[in-house]
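Reviewing the structure listed below.
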Amino acid sequence: MKNTNCTDDFLNALPGRVSVLGAARSGIAAARFFTDRGVPVFISDVCGEKKLAEILNRENITVQSEANGHSDQILESDLIILSPGIRSDIEILKKARNNGVPVWSEIELGYRASRAKFLAVTGSTGKSTTVSLLAEALLSAGKQAVAAGNIGLPLISVSPGLSEQAYVVAEVSSFQLETIDRFRPAVSAVLNLMKNHLDRYENENEYYEAKKNIAANQTPDDILVLNMHEFRLREWAEQIGGRVRVVWFGAENYGEECFYISGGDVVYRFNGSEGKIVALKEIKLKGEHNYLNVCAAAAIAVASGVSATDIAKGLCSFAGLSHRLEFVAEIDGVGFYNDSKATTAESVACAVGAFDGGVHLIAGGRDKGCDFQKIKSNIAGKVKNIALIGEASERIETVLKDVAPIKKFSSLTEAVEFSAANAKRGEQVVFSPGCSSFDMFNSFEHRGEIFKELVKALCGEKIA
């Protein structure tokens with residue numbers, strides 16, 4: 001696997017001045033990368049002056065900055081780094097491009113500044129789990145690997161210090177892929193394409209095209225791993241022809257090279273060889289959606305040159321991530337599960353589908369335009385009632401009103417108390433929002449931690 005990062009060219013000719021838009025995790029990490037190398041940085045954020053000052057003081061970083069919006073001072077730079085929470089088509093960035101100032105996402109910067117091999121994963125759901133599975137598989141095979149990117153650890157905070165033998169397993173979002181330039185992973189994967197982020201994109205197709213940028217710079221020397229069950233991805237594979245080598249994953253045998261489920265095992269056909277990766281019964285993660293994530297992780301690992309037998313240990317040892325259908329507690333025979341990472345309708349269907357029935361669903365948040373109509377048949381009969389919160393509650397109620405009894409609440413506290421009071425022994429309270437968190441919480445992690453605290457408060461010392 002050849003590295004194509006152009007690291008030396010970039011590090012030997014750093015820009016004279018850099019503007020960073022957004023003072024969240026990735027923005028601060030990018031600013032620190034440049035200030036540590038003596039490059040002047042200008043940070044611009046829409047937050048108030050007091051909040052921005054608090055952030056810079058907490059992060060112990062000294063830079064020029066502006067609050068309350070993005071001024072033309074941004075244009076007085078040789079490079080602009082854009083945080084994923086900021087739209088790439090705002091007026092100041094149009095001016096920058098017209099002036100010839102490049103605009104990069106933090107993943108482009110992390111790629112340019114690293115000598116490591118890049119493996120990249122995108123999709124509407126399952127990204128964090130697949131990236132984590134893949135990193136565990138590589139580590140179990142004795143490789144140096146780090147999971148970073150949209151999973152929560154900025155790429156630029158870790159990628160520059162890695163060797164040529166190391167792997168960066170990058171979770172990348174559609175927002176980050178909008179502003180790449182030379183980003184070229186040796187192996188990339190698109191897990192799925194589902195209706196999402198229509199609060200940001202004009203239509204579904206615009207969102208899907210942003211996802212496809214993950215392979216924009218790949219060549220026949222690189223590998224693109226795709227979900228065989230997604231008709232849009234099958235059409236895309238036909239369109240790109242031989243421009244990049246395609247490997248498939250899924251629940252059945254498909255295509256020339258494939259990682260799939262057969263007879264209770266994850267098996268493969270790749271590079272002229274066939275064999276078994278792992279038995280599903282040995283995997284700690286459960287549910288069809290997680291088995292597909294395992295297939296995808298196995299495909300990326302083997303395509304990266306790792307032995308099929310070497311990766312099984314890592315796939316089996318991985319027990320899951322926080323906020324991904326995370327078991328919180330059992331109270332008087334009722335199970336409580338935190339699936340705060342669920343920000344699509346399909347994720348809600350996966351969470352509900354993990355149980356035979358008796359689900360008391362808590363959902364809602366900021367509306368991203370996800371299609372809840374599509375999941376009605378998946379959750380009908382399994383959900384006993386639905387507690388809704390947040391800005392999307394009215395729309396979700398309209399769509400799901402004939403699936404189960406619905407009540408709307410003004411707070412997560414009220415929704416948890418209602419669901420707990422109505423759940424009987426042997427049933428489950430599942431917090432799977434299907435929406436973003438930003439109407440009521442700082443992040444999906446913040447939302448999930450609040451849910452867990454509320455569950456613990458239900459019975460105090462009963463929970464260990």
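Residues in the structure tokens are numbered from 1 in each chain, the chains being A, B, ... in the order shown, and ligands are numbered from 1 in the order shown.
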### Task
Name the residues of range 107-290 of chain A that fall into alpha helix (DSSP H) according to DSSP on the backbone, using the chain letters and numbers of this document, as a PyMOL selection string.
chain A and resi 107-112+127-140+174-177+204-212+231-240+288-290
Selected residues written out, N, CA and C atoms, as a tab-separated table (two decimals), in the first residue's frame:
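File written: result.tsv
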```
chain	number	residue	atom	x	y	z
A	107	ILE	N	-9.80	17.37	7.62
A	107	ILE	CA	-9.30	16.06	7.18
A	107	ILE	C	-8.30	16.20	6.04
A	108	GLU	N	-8.47	17.22	5.19
A	108	GLU	CA	-7.47	17.48	4.15
A	108	GLU	C	-6.15	17.87	4.80
A	109	LEU	N	-6.22	18.73	5.81
A	109	LEU	CA	-5.01	19.14	6.51
A	109	LEU	C	-4.34	17.94	7.19
A	110	GLY	N	-5.14	17.13	7.88
A	110	GLY	CA	-4.58	15.95	8.56
A	110	GLY	C	-3.93	14.99	7.59
A	111	TYR	N	-4.50	14.87	6.41
A	111	TYR	CA	-3.94	14.00	5.36
A	111	TYR	C	-2.63	14.56	4.83
A	112	ARG	N	-2.61	15.86	4.52
A	112	ARG	CA	-1.41	16.48	3.95
A	112	ARG	C	-0.22	16.43	4.93
A	127	LYS	N	-20.84	4.52	10.87
A	127	LYS	CA	-19.45	4.93	10.65
A	127	LYS	C	-18.57	4.70	11.87
A	128	SER	N	-19.01	5.19	13.03
A	128	SER	CA	-18.16	5.11	14.22
A	128	SER	C	-17.90	3.67	14.63
A	129	THR	N	-18.93	2.83	14.56
A	129	THR	CA	-18.75	1.43	14.91
A	129	THR	C	-17.79	0.75	13.95
A	130	THR	N	-17.95	0.98	12.66
A	130	THR	CA	-17.08	0.35	11.67
A	130	THR	C	-15.64	0.81	11.81
A	131	VAL	N	-15.44	2.11	12.02
A	131	VAL	CA	-14.09	2.65	12.21
A	131	VAL	C	-13.44	2.04	13.46
A	132	SER	N	-14.20	1.91	14.52
A	132	SER	CA	-13.66	1.34	15.76
A	132	SER	C	-13.34	-0.15	15.60
A	133	LEU	N	-14.23	-0.88	14.93
A	133	LEU	CA	-13.96	-2.29	14.63
A	133	LEU	C	-12.68	-2.44	13.81
A	134	LEU	N	-12.54	-1.59	12.80
A	134	LEU	CA	-11.38	-1.65	11.92
A	134	LEU	C	-10.09	-1.36	12.68
A	135	ALA	N	-10.11	-0.34	13.52
A	135	ALA	CA	-8.93	-0.02	14.31
A	135	ALA	C	-8.56	-1.18	15.24
A	136	GLU	N	-9.55	-1.79	15.87
A	136	GLU	CA	-9.29	-2.95	16.74
A	136	GLU	C	-8.70	-4.11	15.94
A	137	ALA	N	-9.23	-4.34	14.74
A	137	ALA	CA	-8.72	-5.42	13.90
A	137	ALA	C	-7.25	-5.18	13.53
A	138	LEU	N	-6.91	-3.95	13.19
A	138	LEU	CA	-5.52	-3.63	12.83
A	138	LEU	C	-4.60	-3.76	14.03
A	139	LEU	N	-5.05	-3.27	15.17
A	139	LEU	CA	-4.23	-3.37	16.39
A	139	LEU	C	-4.00	-4.82	16.78
A	140	SER	N	-5.03	-5.65	16.63
A	140	SER	CA	-4.88	-7.06	17.00
A	140	SER	C	-3.92	-7.78	16.06
A	174	SER	N	-20.04	13.92	5.38
A	174	SER	CA	-20.30	14.62	4.12
A	174	SER	C	-19.82	16.06	4.19
A	175	PHE	N	-19.98	16.70	5.37
A	175	PHE	CA	-19.55	18.08	5.53
A	175	PHE	C	-18.04	18.21	5.31
A	176	GLN	N	-17.28	17.29	5.89
A	176	GLN	CA	-15.83	17.33	5.75
A	176	GLN	C	-15.40	17.04	4.31
A	177	LEU	N	-16.13	16.18	3.63
A	177	LEU	CA	-15.77	15.81	2.26
A	177	LEU	C	-16.07	16.91	1.25
A	204	GLU	N	-31.69	15.30	-1.51
A	204	GLU	CA	-30.99	14.06	-1.18
A	204	GLU	C	-29.76	13.87	-2.05
A	205	ASN	N	-29.89	14.14	-3.34
A	205	ASN	CA	-28.80	13.87	-4.26
A	205	ASN	C	-27.56	14.69	-3.93
A	206	GLU	N	-27.76	15.93	-3.50
A	206	GLU	CA	-26.63	16.79	-3.14
A	206	GLU	C	-25.87	16.19	-1.97
A	207	TYR	N	-26.59	15.64	-1.01
A	207	TYR	CA	-25.99	14.97	0.15
A	207	TYR	C	-25.23	13.72	-0.29
A	208	TYR	N	-25.83	12.90	-1.17
A	208	TYR	CA	-25.18	11.69	-1.63
A	208	TYR	C	-23.90	12.01	-2.41
A	209	GLU	N	-23.94	13.06	-3.23
A	209	GLU	CA	-22.76	13.43	-4.01
A	209	GLU	C	-21.61	13.85	-3.10
A	210	ALA	N	-21.93	14.52	-2.00
A	210	ALA	CA	-20.88	14.90	-1.05
A	210	ALA	C	-20.22	13.66	-0.47
A	211	LYS	N	-21.01	12.65	-0.15
A	211	LYS	CA	-20.46	11.39	0.36
A	211	LYS	C	-19.51	10.75	-0.65
A	212	LYS	N	-19.88	10.80	-1.91
A	212	LYS	CA	-19.09	10.14	-2.95
A	212	LYS	C	-17.72	10.80	-3.16
A	231	PHE	N	-28.85	0.33	-3.78
A	231	PHE	CA	-28.95	0.43	-5.23
A	231	PHE	C	-28.21	1.63	-5.77
A	232	ARG	N	-28.16	2.74	-4.99
A	232	ARG	CA	-27.43	3.92	-5.45
A	232	ARG	C	-25.94	3.64	-5.56
A	233	LEU	N	-25.42	2.84	-4.66
A	233	LEU	CA	-24.00	2.50	-4.70
A	233	LEU	C	-23.71	1.52	-5.84
A	234	ARG	N	-24.64	0.63	-6.15
A	234	ARG	CA	-24.44	-0.27	-7.29
A	234	ARG	C	-24.43	0.53	-8.59
A	235	GLU	N	-25.33	1.50	-8.69
A	235	GLU	CA	-25.35	2.37	-9.88
A	235	GLU	C	-24.06	3.17	-9.99
A	236	TRP	N	-23.60	3.68	-8.85
A	236	TRP	CA	-22.36	4.47	-8.84
A	236	TRP	C	-21.17	3.63	-9.29
A	237	ALA	N	-21.11	2.39	-8.83
A	237	ALA	CA	-20.01	1.50	-9.20
A	237	ALA	C	-19.98	1.29	-10.71
A	238	GLU	N	-21.14	1.19	-11.33
A	238	GLU	CA	-21.19	1.05	-12.79
A	238	GLU	C	-20.71	2.32	-13.48
A	239	GLN	N	-21.04	3.46	-12.92
A	239	GLN	CA	-20.68	4.74	-13.52
A	239	GLN	C	-19.17	4.99	-13.48
A	240	ILE	N	-18.53	4.62	-12.37
A	240	ILE	CA	-17.10	4.92	-12.25
A	240	ILE	C	-16.24	3.87	-12.95
A	288	GLU	N	-28.29	-7.37	12.91
A	288	GLU	CA	-27.90	-7.45	11.50
A	288	GLU	C	-27.09	-6.26	11.06
A	289	HIS	N	-27.44	-5.06	11.55
A	289	HIS	CA	-26.69	-3.86	11.14
A	289	HIS	C	-25.24	-3.94	11.60
A	290	ASN	N	-25.01	-4.52	12.79
A	290	ASN	CA	-23.63	-4.66	13.27
A	290	ASN	C	-22.88	-5.75	12.52
```
### Task
Would you mind listing what lies within 8 Å of range 378-387 of chain A as a PyMOL selection string, with only C-alpha atoms counted and same-chain residues fewer than 2 positions away left out?
chain A and resi 349+352-353+355-363+375-376+389+403-409+415+418-419
Could you save those same residues with N, CA and C atoms as a compact mmCIF listing (two decimals), in the first residue's frame?
```
# COMPACT_ATOMS: atom_id res chain seq x y z
N ALA A 349 -34.71 2.43 13.46
CA ALA A 349 -35.19 1.11 13.07
C ALA A 349 -34.23 0.01 13.51
N VAL A 352 -34.62 -0.41 17.43
CA VAL A 352 -35.86 -1.11 17.77
C VAL A 352 -35.79 -2.57 17.31
N GLY A 353 -35.18 -2.78 16.14
CA GLY A 353 -35.07 -4.12 15.58
C GLY A 353 -34.17 -5.06 16.36
N PHE A 355 -34.55 -5.74 19.36
CA PHE A 355 -35.38 -6.36 20.39
C PHE A 355 -36.57 -7.06 19.76
N ASP A 356 -37.08 -8.08 20.46
CA ASP A 356 -38.22 -8.84 19.95
C ASP A 356 -39.52 -8.06 20.07
N GLY A 357 -39.56 -7.09 20.96
CA GLY A 357 -40.76 -6.29 21.17
C GLY A 357 -40.69 -5.60 22.52
N GLY A 358 -41.80 -5.00 22.94
CA GLY A 358 -41.84 -4.36 24.24
C GLY A 358 -40.95 -3.15 24.37
N VAL A 359 -40.80 -2.39 23.28
CA VAL A 359 -39.91 -1.23 23.27
C VAL A 359 -40.71 0.04 23.58
N HIS A 360 -40.24 0.79 24.55
CA HIS A 360 -40.78 2.12 24.86
C HIS A 360 -39.76 3.12 24.30
N LEU A 361 -40.08 3.67 23.16
CA LEU A 361 -39.13 4.48 22.39
C LEU A 361 -39.20 5.94 22.79
N ILE A 362 -38.02 6.54 23.00
CA ILE A 362 -37.89 7.98 23.19
C ILE A 362 -37.13 8.53 21.99
N ALA A 363 -37.73 9.46 21.26
CA ALA A 363 -37.11 9.96 20.03
C ALA A 363 -37.35 11.47 19.91
N ILE A 375 -39.56 3.77 7.98
CA ILE A 375 -39.30 2.80 9.06
C ILE A 375 -40.56 2.34 9.77
N LYS A 376 -41.72 2.80 9.33
CA LYS A 376 -42.96 2.45 10.03
C LYS A 376 -43.15 0.94 10.13
N ILE A 389 -39.55 14.33 21.94
CA ILE A 389 -39.02 15.59 22.44
C ILE A 389 -38.48 16.40 21.27
N VAL A 403 -48.58 4.05 14.46
CA VAL A 403 -47.69 2.94 14.81
C VAL A 403 -47.87 2.53 16.27
N ALA A 404 -47.98 3.53 17.16
CA ALA A 404 -48.11 3.29 18.60
C ALA A 404 -48.61 4.57 19.25
N PRO A 405 -49.14 4.49 20.47
CA PRO A 405 -49.53 5.71 21.18
C PRO A 405 -48.34 6.65 21.34
N ILE A 406 -48.59 7.95 21.12
CA ILE A 406 -47.51 8.95 21.16
C ILE A 406 -47.86 10.05 22.15
N LYS A 407 -46.84 10.49 22.91
CA LYS A 407 -46.97 11.67 23.75
C LYS A 407 -45.76 12.56 23.53
N LYS A 408 -45.97 13.86 23.51
CA LYS A 408 -44.87 14.82 23.34
C LYS A 408 -44.54 15.44 24.69
N PHE A 409 -43.22 15.69 24.89
CA PHE A 409 -42.75 16.26 26.16
C PHE A 409 -41.80 17.42 25.88
N ALA A 415 -39.80 12.73 29.44
CA ALA A 415 -39.94 11.58 28.54
C ALA A 415 -39.43 10.30 29.21
N PHE A 418 -41.91 9.22 31.98
CA PHE A 418 -43.11 8.62 31.39
C PHE A 418 -42.83 7.20 30.90
N SER A 419 -41.74 7.02 30.16
CA SER A 419 -41.42 5.71 29.60
C SER A 419 -41.15 4.69 30.69
```
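If only C-alpha atoms are the atoms counted, then among A:Asn3, A:Ser88, A:Asn293, A:Thr125 the closest residue to Ile180 in chain A is A:Ser88.
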### d(CA of Ala319 in chain A, CA of Val294 in chain A) in Å
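Separation of CA of Ala319 in chain A and CA of Val294 in chain A: 12.0 Å.
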What are the nearest atom pairs, with distances in Å to one decimal, for all residues of range 5-39 of chain A that come at most 8 Å from range 45-53 of chain A, using only C-alpha atoms, set out by chain and rising residue number as JSON lines?
```
{"residue": "A:Leu21", "atom": "CA", "partner": "A:Asp45", "partner_atom": "CA", "distance": 6.0}
{"residue": "A:Gly22", "atom": "CA", "partner": "A:Asp45", "partner_atom": "CA", "distance": 4.9}
{"residue": "A:Ala23", "atom": "CA", "partner": "A:Asp45", "partner_atom": "CA", "distance": 6.2}
```
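Take the candidates A:Gly126, A:Gly142, A:Gly100, A:Pro154 and check each one against Ala342 in chain A using only C-alpha atoms; the shortest distance goes to A:Gly126.
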### Residue list (strand (DSSP E), DSSP) for range 66-292 of chain A, as a PyMOL selection string
chain A and resi 66+79-82+103-105+117-122+145-149+167-171+187-190+223-227+245-250+258-262+265-270+273-279
### Residue nearest Val169 in chain A among A:Phe444, A:Phe327, A:Trp104, A:Phe118 (counting only C-alpha atoms)
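Of A:Phe444, A:Phe327, A:Trp104, A:Phe118, the one nearest Val169 in chain A, counting only C-alpha atoms, is A:Phe118.
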### Query
What lies within 12 Å of Val328 in chain A using only C-alpha atoms, ignoring chain neighbours under 4 positions off, as a PyMOL selection string?
chain A and resi 322-324+334-340+428-431+448-457+463-464
